[in-house]
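One file, query.csv, carrying CSV, C-alpha atoms:
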```csv
chain,number,residue,atom,x,y,z
A,1,MET,CA,11.1,-63.9,4.8
A,2,SER,CA,7.9,-62.2,3.8
A,3,ALA,CA,5.4,-61.2,6.5
A,4,ASN,CA,2.8,-63.3,4.7
A,5,THR,CA,5.0,-66.4,4.8
A,6,ILE,CA,3.3,-69.4,6.5
A,7,ARG,CA,5.6,-71.5,8.7
A,8,ILE,CA,4.8,-75.1,9.3
A,9,ALA,CA,6.8,-77.3,11.6
A,10,ILE,CA,6.9,-81.0,10.6
A,11,ASP,CA,7.7,-84.0,12.8
A,12,CYS,CA,9.6,-85.6,10.0
A,13,MET,CA,10.4,-88.9,11.9
A,14,GLY,CA,6.8,-89.8,13.0
A,15,GLY,CA,4.4,-92.2,11.4
A,16,ASP,CA,4.6,-95.7,10.1
A,17,ILE,CA,6.9,-94.6,7.3
A,18,GLY,CA,8.5,-91.4,8.4
A,19,LEU,CA,11.1,-89.6,6.2
A,20,PRO,CA,10.3,-91.3,2.9
A,21,VAL,CA,6.8,-89.8,3.2
A,22,THR,CA,7.3,-86.5,5.0
A,23,ILE,CA,10.2,-85.1,3.0
A,24,PRO,CA,8.8,-85.8,-0.5
A,25,ALA,CA,5.5,-84.4,0.6
A,26,ALA,CA,7.1,-81.2,1.9
A,27,VAL,CA,9.2,-80.8,-1.2
A,28,GLN,CA,6.2,-81.1,-3.5
A,29,PHE,CA,4.1,-78.8,-1.3
A,30,ALA,CA,6.8,-76.1,-1.2
A,31,GLN,CA,7.1,-76.1,-5.0
A,32,SER,CA,3.3,-75.5,-5.3
A,33,ASN,CA,3.1,-73.0,-2.5
A,34,PRO,CA,6.1,-70.7,-2.5
A,35,ASP,CA,4.7,-68.7,0.4
A,36,THR,CA,5.1,-71.7,2.8
A,37,ARG,CA,8.3,-72.4,4.7
A,38,PHE,CA,8.9,-75.6,6.6
A,39,LEU,CA,10.7,-76.3,9.8
A,40,LEU,CA,11.8,-79.9,9.6
A,41,ALA,CA,12.2,-81.5,13.0
A,42,GLY,CA,14.3,-84.7,13.2
A,43,ASP,CA,17.7,-86.2,12.6
A,44,PRO,CA,19.6,-83.6,10.6
A,45,VAL,CA,21.8,-86.2,8.8
A,46,ALA,CA,18.8,-88.4,7.7
A,47,ILE,CA,16.8,-85.3,6.7
A,48,GLU,CA,19.6,-83.9,4.6
A,49,ALA,CA,20.0,-87.3,2.9
A,50,HIS,CA,16.4,-87.4,1.8
A,51,LEU,CA,16.5,-83.7,0.7
A,52,ARG,CA,19.6,-84.6,-1.4
A,53,GLU,CA,17.6,-87.5,-3.0
A,54,GLN,CA,14.9,-85.0,-3.9
A,55,GLY,CA,17.5,-82.5,-5.3
A,56,CYS,CA,16.5,-79.9,-2.7
A,57,LEU,CA,19.5,-79.8,-0.3
A,58,GLY,CA,20.4,-76.2,0.4
A,59,LYS,CA,17.1,-74.6,-0.8
A,60,ASP,CA,15.7,-71.6,1.1
A,61,TRP,CA,12.2,-73.0,1.8
A,62,TYR,CA,13.2,-75.1,4.8
A,63,GLU,CA,15.1,-75.0,8.1
A,64,ILE,CA,16.2,-78.1,10.0
A,65,LEU,CA,15.4,-78.3,13.7
A,66,PRO,CA,17.7,-81.0,15.2
A,67,ALA,CA,16.0,-83.7,17.3
A,68,SER,CA,17.9,-86.6,18.8
A,69,GLU,CA,14.9,-88.8,19.7
A,70,VAL,CA,11.9,-90.3,18.0
A,71,VAL,CA,8.5,-91.2,19.6
A,72,LEU,CA,7.6,-94.6,18.3
A,73,MET,CA,4.1,-95.7,17.4
A,74,ASP,CA,3.9,-98.0,20.4
A,75,ASP,CA,5.5,-95.7,23.0
A,76,SER,CA,3.4,-94.8,26.0
A,77,VAL,CA,2.4,-91.2,26.8
A,78,GLU,CA,4.7,-91.3,29.8
A,79,VAL,CA,7.7,-92.3,27.6
A,80,ALA,CA,6.9,-89.6,25.1
A,81,LEU,CA,6.5,-86.9,27.7
A,82,ARG,CA,9.1,-87.7,30.3
A,83,ARG,CA,11.8,-89.8,28.7
A,84,LYS,CA,12.0,-88.4,25.2
A,85,LYS,CA,12.3,-84.7,25.8
A,86,ASN,CA,14.2,-84.0,22.6
A,87,SER,CA,12.0,-86.0,20.3
A,88,SER,CA,11.1,-84.7,16.8
A,89,MET,CA,7.5,-84.4,18.0
A,90,ARG,CA,8.3,-82.2,20.9
A,91,VAL,CA,10.7,-80.0,18.9
A,92,ALA,CA,7.9,-79.4,16.3
A,93,VAL,CA,5.4,-78.4,18.9
A,94,GLN,CA,7.9,-76.2,20.7
A,95,ALA,CA,8.4,-74.3,17.5
A,96,VAL,CA,4.8,-73.2,17.6
A,97,LYS,CA,5.1,-72.4,21.3
A,98,ASP,CA,8.1,-70.2,20.6
A,99,GLY,CA,6.5,-68.4,17.7
A,100,ARG,CA,8.8,-69.8,15.1
A,101,ALA,CA,6.0,-71.8,13.4
A,102,ASP,CA,2.4,-71.0,12.8
A,103,ALA,CA,1.3,-74.7,12.9
A,104,CYS,CA,2.8,-78.1,13.4
A,105,ILE,CA,2.0,-81.5,12.1
A,106,SER,CA,2.8,-85.2,12.8
A,107,ALA,CA,1.8,-88.6,11.5
A,108,GLY,CA,3.1,-90.2,14.7
A,109,ASN,CA,1.6,-91.8,17.8
A,110,THR,CA,-1.8,-90.0,18.3
A,111,GLY,CA,-1.8,-90.3,22.1
A,112,ALA,CA,1.7,-88.9,22.4
A,113,TRP,CA,1.1,-86.1,19.9
A,114,MET,CA,-2.0,-85.0,21.8
A,115,ALA,CA,-0.3,-85.2,25.2
A,116,ILE,CA,2.9,-83.3,24.1
A,117,SER,CA,0.8,-80.7,22.3
A,118,ARG,CA,-1.4,-80.2,25.4
A,119,TYR,CA,1.5,-80.1,27.8
A,120,ILE,CA,3.5,-77.5,25.8
A,121,LEU,CA,0.8,-75.3,24.3
A,122,LYS,CA,-1.9,-75.6,27.0
A,123,THR,CA,-5.7,-75.4,26.4
A,124,LEU,CA,-7.7,-72.3,25.5
A,125,ASP,CA,-9.6,-70.6,28.3
A,126,GLY,CA,-13.0,-72.3,28.6
A,127,ILE,CA,-11.8,-75.6,27.1
A,128,ASP,CA,-11.2,-78.5,29.5
A,129,ARG,CA,-10.1,-81.1,26.9
A,130,PRO,CA,-8.8,-80.8,23.3
A,131,ALA,CA,-10.6,-82.8,20.6
A,132,ILE,CA,-9.6,-84.4,17.4
A,133,ALA,CA,-11.7,-83.3,14.4
A,134,THR,CA,-11.6,-84.3,10.7
A,135,SER,CA,-13.7,-84.2,7.6
A,136,ILE,CA,-15.5,-87.2,6.2
A,137,PRO,CA,-16.8,-87.0,2.6
A,138,ASN,CA,-20.6,-87.0,2.2
A,139,GLN,CA,-23.0,-87.7,-0.7
A,140,LYS,CA,-23.7,-84.0,-1.2
A,141,GLY,CA,-20.2,-83.6,-2.6
A,142,GLY,CA,-18.8,-81.9,0.5
A,143,ALA,CA,-17.6,-83.2,3.8
A,144,THR,CA,-19.0,-83.5,7.3
A,145,THR,CA,-16.8,-82.5,10.2
A,146,VAL,CA,-16.8,-85.0,13.0
A,147,LEU,CA,-15.4,-84.7,16.6
A,148,ASP,CA,-14.1,-86.1,18.9
A,149,LEU,CA,-12.3,-89.0,17.1
A,150,GLY,CA,-10.5,-90.6,20.0
A,151,ALA,CA,-8.8,-88.0,22.2
A,152,ASN,CA,-11.5,-88.3,24.9
A,153,VAL,CA,-13.1,-91.7,25.6
A,154,ASP,CA,-15.3,-90.5,28.5
A,155,CYS,CA,-17.0,-87.2,28.2
A,156,THR,CA,-19.5,-85.0,30.1
A,157,ALA,CA,-22.3,-83.0,28.5
A,158,GLU,CA,-20.2,-79.9,29.0
A,159,HIS,CA,-17.3,-81.5,27.1
A,160,LEU,CA,-19.7,-82.2,24.2
A,161,LEU,CA,-20.8,-78.6,24.2
A,162,GLN,CA,-17.2,-77.5,24.0
A,163,PHE,CA,-16.6,-79.9,21.1
A,164,ALA,CA,-19.6,-78.3,19.3
A,165,ILE,CA,-18.1,-74.8,19.8
A,166,MET,CA,-14.8,-75.9,18.4
A,167,GLY,CA,-16.3,-77.8,15.5
A,168,SER,CA,-18.4,-74.9,14.6
A,169,ALA,CA,-15.3,-72.6,14.6
A,170,LEU,CA,-13.4,-75.1,12.4
A,171,ALA,CA,-16.2,-75.4,9.9
A,172,SER,CA,-16.8,-71.6,9.7
A,173,THR,CA,-13.2,-70.6,9.4
A,174,VAL,CA,-11.4,-73.4,7.4
A,175,ASP,CA,-14.4,-74.7,5.4
A,176,GLN,CA,-16.0,-71.3,5.0
A,177,GLN,CA,-19.5,-72.4,6.2
A,178,LEU,CA,-21.8,-69.7,7.4
A,179,ARG,CA,-23.3,-70.6,10.7
A,180,PRO,CA,-22.6,-74.3,10.4
A,181,THR,CA,-25.3,-76.7,11.5
A,182,ILE,CA,-24.5,-78.9,14.5
A,183,GLY,CA,-25.8,-82.4,15.1
A,184,LEU,CA,-25.4,-84.5,18.2
A,185,LEU,CA,-24.7,-88.2,17.4
A,186,ASN,CA,-27.3,-90.4,19.0
A,187,ILE,CA,-29.2,-93.7,18.5
A,188,GLY,CA,-32.2,-91.9,17.3
A,189,GLN,CA,-33.4,-88.4,16.4
A,190,GLU,CA,-36.1,-88.3,19.1
A,191,VAL,CA,-35.4,-86.1,22.1
A,192,ILE,CA,-36.0,-89.0,24.5
A,193,LYS,CA,-33.3,-91.1,22.9
A,194,GLY,CA,-29.8,-91.6,24.3
A,195,ASN,CA,-28.1,-91.8,27.6
A,196,GLU,CA,-28.2,-89.1,30.3
A,197,VAL,CA,-25.0,-87.5,29.1
A,198,VAL,CA,-26.2,-87.1,25.5
A,199,LYS,CA,-29.7,-85.9,26.7
A,200,HIS,CA,-28.1,-83.2,28.9
A,201,ALA,CA,-25.7,-82.2,26.1
A,202,ALA,CA,-28.7,-81.7,23.8
A,203,GLU,CA,-30.2,-79.4,26.4
A,204,LEU,CA,-27.0,-77.4,26.6
A,205,LEU,CA,-26.7,-77.2,22.9
A,206,ARG,CA,-30.3,-76.0,22.5
A,207,GLY,CA,-29.6,-73.1,24.8
A,208,SER,CA,-26.1,-72.3,23.5
A,209,GLY,CA,-26.8,-70.0,20.6
A,210,LEU,CA,-25.1,-72.4,18.2
A,211,ASN,CA,-27.0,-73.5,15.1
A,212,PHE,CA,-28.1,-76.8,16.7
A,213,TYR,CA,-30.0,-79.1,14.3
A,214,GLY,CA,-30.7,-81.7,17.0
A,215,ASN,CA,-30.0,-85.4,17.3
A,216,VAL,CA,-28.6,-87.2,14.3
A,217,GLU,CA,-27.8,-90.9,13.6
A,218,GLY,CA,-24.7,-92.6,12.1
A,219,ASP,CA,-26.0,-92.5,8.5
A,220,ASP,CA,-26.3,-88.7,8.7
A,221,ILE,CA,-22.5,-88.4,8.5
A,222,CYS,CA,-22.4,-89.6,5.0
A,223,LYS,CA,-25.8,-88.1,4.0
A,224,GLY,CA,-24.4,-84.6,4.9
A,225,THR,CA,-27.4,-83.8,7.0
A,226,VAL,CA,-25.4,-81.3,9.1
A,227,ASN,CA,-22.1,-79.6,8.8
A,228,VAL,CA,-20.7,-80.8,12.1
A,229,ILE,CA,-21.4,-83.9,14.2
A,230,VAL,CA,-20.4,-84.2,17.8
A,231,CYS,CA,-19.8,-87.3,19.9
A,232,ASP,CA,-17.4,-88.7,22.5
A,233,GLY,CA,-14.0,-90.0,21.4
A,234,PHE,CA,-14.9,-93.7,21.9
A,235,VAL,CA,-17.9,-93.5,19.5
A,236,GLY,CA,-16.1,-91.2,17.1
A,237,ASN,CA,-13.1,-93.4,16.7
A,238,VAL,CA,-15.3,-96.5,16.1
A,239,VAL,CA,-17.3,-94.5,13.5
A,240,LEU,CA,-14.2,-93.3,11.7
A,241,LYS,CA,-12.5,-96.7,11.5
A,242,SER,CA,-15.8,-98.4,10.4
A,243,ILE,CA,-16.3,-95.9,7.5
A,244,GLU,CA,-12.7,-96.4,6.4
A,245,GLY,CA,-13.1,-100.2,6.6
A,246,VAL,CA,-16.3,-100.2,4.5
A,247,ALA,CA,-14.7,-97.9,1.9
A,248,LYS,CA,-11.7,-100.3,1.5
A,249,MET,CA,-14.0,-103.4,1.5
A,250,VAL,CA,-16.2,-101.9,-1.3
A,251,GLY,CA,-13.2,-101.0,-3.4
A,252,THR,CA,-11.7,-104.5,-3.0
A,253,MET,CA,-15.1,-106.2,-3.8
A,254,MET,CA,-15.6,-104.0,-6.9
A,255,ARG,CA,-12.1,-104.9,-8.3
A,256,ALA,CA,-12.8,-108.6,-7.7
A,257,GLU,CA,-16.2,-108.5,-9.5
A,258,PHE,CA,-14.8,-106.7,-12.5
A,259,LYS,CA,-12.0,-109.3,-12.8
A,260,ARG,CA,-14.5,-112.2,-12.6
A,261,ASN,CA,-14.6,-112.9,-16.3
A,262,LEU,CA,-14.0,-111.4,-19.8
A,263,PHE,CA,-17.4,-109.7,-19.9
A,264,THR,CA,-17.0,-108.0,-16.5
A,265,LEU,CA,-13.5,-107.0,-17.4
A,266,VAL,CA,-14.6,-105.3,-20.5
A,267,SER,CA,-17.5,-103.6,-18.5
A,268,GLY,CA,-14.9,-102.4,-16.0
A,269,LEU,CA,-12.8,-100.9,-18.8
A,270,LEU,CA,-15.8,-99.0,-20.2
A,271,ALA,CA,-16.8,-97.8,-16.7
A,272,LYS,CA,-13.2,-96.8,-15.8
A,273,PRO,CA,-13.7,-93.0,-16.1
A,274,VAL,CA,-16.7,-93.1,-13.8
A,275,LEU,CA,-15.0,-95.4,-11.4
A,276,ASN,CA,-11.9,-93.1,-11.3
A,277,ARG,CA,-14.1,-90.1,-10.5
A,278,LEU,CA,-15.9,-92.1,-7.7
A,279,ARG,CA,-12.5,-93.2,-6.3
A,280,ASP,CA,-11.3,-89.6,-6.2
A,281,ARG,CA,-14.5,-88.5,-4.4
A,282,VAL,CA,-14.2,-91.2,-1.6
A,283,ASP,CA,-10.4,-91.4,-1.4
A,284,ASN,CA,-9.8,-90.9,2.3
A,285,ARG,CA,-6.3,-89.6,1.5
A,286,ARG,CA,-7.8,-86.4,0.2
A,287,TYR,CA,-9.3,-85.8,3.7
A,288,ASN,CA,-6.2,-86.6,5.6
A,289,GLY,CA,-5.3,-84.1,8.4
A,290,ALA,CA,-7.2,-83.9,11.6
A,291,ALA,CA,-7.1,-80.7,13.7
A,292,LEU,CA,-6.4,-81.0,17.4
A,293,LEU,CA,-8.8,-78.3,18.6
A,294,GLY,CA,-8.8,-76.4,21.8
A,295,LEU,CA,-5.1,-75.8,22.1
A,296,ARG,CA,-3.2,-72.5,22.1
A,297,GLY,CA,-1.8,-73.2,18.7
A,298,ILE,CA,-2.6,-75.0,15.4
A,299,VAL,CA,-1.8,-78.7,15.6
A,300,ILE,CA,-2.6,-81.2,12.8
A,301,LYS,CA,-2.5,-85.0,13.0
A,302,SER,CA,-1.9,-87.0,9.9
A,303,HIS,CA,-2.9,-90.6,9.5
A,304,GLY,CA,0.0,-92.8,10.6
A,305,SER,CA,0.0,-94.9,7.4
A,306,ALA,CA,-0.3,-91.8,5.1
A,307,ASP,CA,1.7,-91.8,1.9
A,308,ALA,CA,3.2,-88.7,0.4
A,309,TYR,CA,0.0,-87.8,-1.4
A,310,ALA,CA,-2.1,-88.0,1.7
A,311,PHE,CA,0.5,-86.2,3.8
A,312,GLY,CA,0.4,-83.4,1.3
A,313,TYR,CA,-3.3,-83.0,2.0
A,314,ALA,CA,-2.6,-82.8,5.7
A,315,LEU,CA,-0.1,-80.0,5.0
A,316,ARG,CA,-2.8,-78.2,3.0
A,317,ARG,CA,-5.1,-78.5,6.0
A,318,ALA,CA,-2.5,-76.9,8.2
A,319,ARG,CA,-1.9,-74.1,5.7
A,320,GLU,CA,-5.6,-73.4,5.4
A,321,ALA,CA,-6.0,-73.4,9.2
A,322,VAL,CA,-3.3,-70.7,9.4
A,323,GLN,CA,-4.6,-68.7,6.4
A,324,ASN,CA,-8.2,-68.6,7.7
A,325,GLY,CA,-7.4,-67.8,11.3
A,326,LEU,CA,-8.6,-71.1,12.9
A,327,LEU,CA,-7.0,-70.2,16.3
A,328,ASP,CA,-8.5,-66.7,16.5
A,329,GLY,CA,-11.9,-68.1,15.2
A,330,THR,CA,-12.0,-70.8,17.9
A,331,THR,CA,-11.0,-68.3,20.6
A,332,ARG,CA,-13.6,-65.8,19.5
A,333,ALA,CA,-16.3,-68.5,19.3
A,334,ILE,CA,-15.6,-69.6,22.9
A,335,ASP,CA,-15.6,-66.0,24.2
A,336,GLU,CA,-18.9,-65.2,22.5
A,337,LEU,CA,-20.6,-68.3,23.8
A,338,ARG,CA,-19.3,-67.6,27.3
A,339,LEU,CA,-20.8,-64.1,27.2
A,340,SER,CA,-24.0,-65.5,25.8
A,341,LEU,CA,-24.3,-68.1,28.6
A,342,GLN,CA,-23.5,-65.4,31.2
A,343,GLU,CA,-26.3,-63.2,29.9
A,344,ALA,CA,-28.7,-66.1,29.8
A,345,ALA,CA,-27.8,-66.9,33.4
A,346,LYS,CA,-28.4,-63.3,34.5
A,347,THR,CA,-31.7,-63.2,32.7
A,348,SER,CA,-32.7,-66.5,34.4
A,349,ALA,CA,-31.7,-65.1,37.8
A,350,ASN,CA,-33.6,-61.9,37.3
A,351,ILE,CA,-36.8,-63.8,36.3
A,352,SER,CA,-36.3,-66.1,39.4
A,353,ASN,CA,-36.0,-63.0,41.6
A,354,ASP,CA,-39.0,-61.4,40.1
A,355,LEU,CA,-41.1,-64.5,40.7
A,356,SER,CA,-39.9,-64.8,44.3
A,357,ASP,CA,-40.7,-61.2,45.2
A,358,PRO,CA,-43.9,-60.9,47.4
A,359,VAL,CA,-47.0,-59.6,45.7
A,360,PRO,CA,-47.9,-56.1,47.1
```
In structure tokens, write the structure found in this file.
Amino acid sequence: MSANTIRIAIDCMGGDIGLPVTIPAAVQFAQSNPDTRFLLAGDPVAIEAHLREQGCLGKDWYEILPASEVVLMDDSVEVALRRKKNSSMRVAVQAVKDGRADACISAGNTGAWMAISRYILKTLDGIDRPAIATSIPNQKGGATTVLDLGANVDCTAEHLLQFAIMGSALASTVDQQLRPTIGLLNIGQEVIKGNEVVKHAAELLRGSGLNFYGNVEGDDICKGTVNVIVCDGFVGNVVLKSIEGVAKMVGTMMRAEFKRNLFTLVSGLLAKPVLNRLRDRVDNRRYNGAALLGLRGIVIKSHGSADAYAFGYALRRAREAVQNGLLDGTTRAIDELRLSLQEAAKTSANISNDLSDPVP
């Protein structure tokens, strides 16, 4: 195996569909990316059966990691962590911990995936809680990175600052954005808006050394006003599901309108090339693959209902994270900010001491 080979461990059993999605996606990705090797975690018999269907049994681009248990979509975190210690999820994460894989990915139960990853890999120094980050397409033709998307429902201002650090590292390494701009999601752009946590977070961000734009509102996500938008997991998850719901609704309504009568049907046929390009731009499958940031390893979460096409994009996300050094970039960003804050604290203390000295 080449030193430049990228190794990705896959929880093959996880998700709403499981093997009929994960194996075809891995096969297609391996064919397009010969420098990528997969560690397939799950039931060996079932995995081999699906590889045989794809005509890939016995190929050298994969290795099977046996796992006797599967974490179901409705399993509690306790069940996943304490009762299913040989699950395909856990085996995939352990491969990263042991250095056998550079990244791992699952389409399974989000809470369980986060808990198992955090338990096995631990968090980076300076990070209290990992966060889920993903890219949402915007009208500028790019994408806005948003975090947290559901891992942390209740957050402090310090947590939001940590999310901003990790989001900035993700945007600069994987998305190649120079000094990405950071926005804090709020109910208005004015400094006086928001609850006390958000106001305090804004103060921390202004003094952090990050490229902080200021408060942003919900529509700024799709406008592409900033590169990264930070919020707590409760708000982020609602935002994500709302955007996905609106996109599906608009698509359904457009199809219904074009089928209304013969004239609209002909109009739809004439507009088909434009509509196809629009569909591709807003297709959420092309943005599948959320990074679990703040862990001592690269962990990617695929949408549970992803098809093979969408799962392939999540695999691409994992590969890009490894190629571009996401883990090193995040670690470096945290260390740099810690030093910056320490220097700021020293300066503040010196000024305070000077002011308290008696006048001669």
For this session: Between A:Arg286, A:His200, A:Arg296, A:Lys272, single out the one closest to Ala310 of chain A, counting only C-alpha atoms.
Result: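 Answer, going by the shortest atom-to-atom distance: A:Arg286.
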Problem set entry | Proximity to Thr5 of chain A - best of A:Ala115, A:Ile17, A:Met73, A:Phe38, all atoms listed in the file | A:Phe38
Exercise. Lys193 of chain A: which residues within 12 Å, counting all atoms listed in the file, same-chain residues fewer than 6 positions away excluded, as a ChimeraX atom specification?
Worked result: /A:184-187,199-200,202,214-217
Exercise. Rounded to one decimal in Å, what is the spacing between atom CA of Ile300 of chain A and atom CA of Gly167 of chain A?
Worked result: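 It comes out at 14.4 Å.
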For this session: Rank nothing, just name the residue among A:Gly126, A:Gly141, A:Pro34, A:Gly55 nearest to Gln162 of chain A, using all atoms listed in the file.
Result: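 The shortest atom-to-atom distance to Gln162 of chain A comes from A:Gly126.
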Problem set entry | Top pick for closest residue to Gln28 of chain A, considering A:Leu337, A:Leu315, A:Ile182, A:Ile132 and counting all atoms listed in the file | A:Leu315
Exercise. For Ile136 of chain A, which residue out of A:Met89, A:Ala67, A:Val96, A:Ile229 is the nearest one, using all atoms listed in the file?
Worked result: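 Among the listed residues, A:Ile229 lies closest to Ile136 of chain A.
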Exercise. Rounded to one decimal in Å, what is the spacing between atom CA of Val228 of chain A and atom CA of Ile105 of chain A?
Worked result: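 Here the two named atoms are 22.7 Å from each other.
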Exercise. Of the residues A:Leu160, A:Ala314, A:Cys12, A:Leu265, which is the one nearest to Ser87 of chain A, using only C-alpha atoms?
Worked result: A:Cys12
Exercise. Atom CA of Ala133 of chain A and atom CA of Ile10 of chain A, how far apart in Å?
Worked result: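 That distance, rounded to one decimal, is 19.1 Å.
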For this session: Counting only C-alpha atoms, select every polymer residue within 7 Å of (-8.2, -90.4, 20.9) as defined in the file's coordinates, and provide the selection as a PyMOL selection string.
Result: chain A and resi 110-111+149-153+233
Could you put an axis-aligned box around every listed atom of segment 233-246 of chain A, padded by 3 Å on each side, and send me its centre and edge lengths in Å to one decimal, as JSON?
```
{"center_x": -15.2, "center_y": -95.1, "center_z": 13.2, "size_x": 11.4, "size_y": 16.2, "size_z": 23.4}
```
Exercise. Which polymer residues have any atom within 7 Å of an atom of Tyr313 of chain A, counting all atoms listed in the file, with same-chain residues fewer than 5 positions away left out, as a list of chain:residue names?
Worked result: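 Listed by chain and then number, they are A:Arg286, A:Tyr287, A:Asn288, A:Gly289.
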For this session: Tell me, as JSON, numbers by chain, which residues lie within 9 Å of segment 173-179 of chain A, counting only C-alpha atoms; anything in the same chain fewer than 6 positions away does not count.
Result: {"A": [210, 211, 227, 317, 320, 321, 322, 323, 324, 325, 326, 329, 330]}
For this session: Mind checking which residues fall within 12 Å of Asp35 of chain A, counting all atoms listed in the file, ignoring those fewer than 4 positions away in the same chain, and posting them as JSON, numbers by chain?
Result: {"A": [1, 2, 3, 4, 5, 6, 7, 8, 29, 30, 31, 60, 61, 62, 319, 323]}
Exercise. Which polymer residues have any atom within 10 Å of an atom of Ile127 of chain A, counting all atoms listed in the file, with same-chain residues fewer than 6 positions away left out, as a count of residues only?
Worked result: 12
